[in-house]
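Written below as structure tokens is the structure these notes are about.
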Amino acid sequence: KPMSTNILKIHVSWSEKNFCCGWSDPQAGTVVATAKTLPELKRDFERSLKWHIEGCIADGDALPDHLVNGNYELKYELDISALLRDAETYTTLSAISRASGINQKQLSHYANGIKHPRLKQRTRIISGLHEIASHLMAIY
């Protein structure tokens, strides 16, 4: 019987000028990271988590088997501020506004974490990003 992989959900947000993320486990503790870009954040977080687990093992701390054995997968869950800031690597808030039908000033409030969208608005933003991506994918 194959061993199932445990999913570690990593919450990613935007804070002032950095992406930030964190993960917490009652037995293993907490690991956080910040970085200027999403790829840097993921790389730094993965290194920090590995270092944290190795340190806990070296200290003789009791950890869940999946952490000790490396039988886990990281799933990054971006809040809307992180999603918009990452999307700005490829497009603009103006383009996202046109594609989603959401006012650019409102998108800016979401991107800066000043306001938090309801599910309906989040869905419109994601649909707008998908529309932009599909147009880009159609270029040949």
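In the structure tokens, the first chain shown is A, the next is B, and so on; residue numbers restart at 1 for each chain, and ligands run from 1 in the order shown.
For region 79-86 of chain A, the list of residues within 8 Å, based on only C-alpha atoms and with local chain neighbours fewer than 3 positions off taken out, reads His11, Val12, Ser13, Trp14, Phe19, Thr37, Leu38, Thr89, Tyr90, Leu93, Tyr110, Ala111, Asn112, Gly113, His116, Pro117 and Arg122 of chain A.
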Residues of chain A classed as strand (DSSP E) by DSSP on the backbone are to be reported as a ChimeraX atom specification.
/A:6-15,18-25,29-35,72-78
At a cut-off of 7 Å, using only C-alpha atoms, what residues contact region 67-73 of chain A? Leave out same-chain residues fewer than 2 positions from it and give the result as a PyMOL selection string.
chain A and resi 5-8+63-65+75
Based on the backbone DSSP call, show me all residues of chain A assigned alpha helix (DSSP H), as number ranges by chain.
A: 38-58, 65-68, 80-87, 93-100, 104-111, 119-137
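The closest residue to Asp61 (chain A), picked from A:Ser127, A:Ser48, A:Gln27, A:Thr91 and counting only C-alpha atoms, is A:Gln27.
Near region 98-103 of chain A, within 12 Å and counting only C-alpha atoms, sit Thr91, Thr92, Leu93, Ser108, His109, Tyr110, Pro117, Lys120, Gln121, Arg122, Thr123, Arg124, Ile125, Ile126, Ser127, Gly128, Leu129, His130, Glu131, Ile132, Ala133, Ser134 and His135 of chain A, not including residues fewer than 5 positions from it in the same chain.
Atom pair CA of Gly29 (chain A) / CA of Leu78 (chain A): separated by 21.2 Å.
Among the candidates A:Ala95, A:Leu74, A:Ala28, A:Ile114, the one nearest to Glu54 (chain A) when counting only C-alpha atoms is A:Ala28.
Separating CA of Ala58 (chain A) from CA of Val31 (chain A) is a distance of 16.8 Å.
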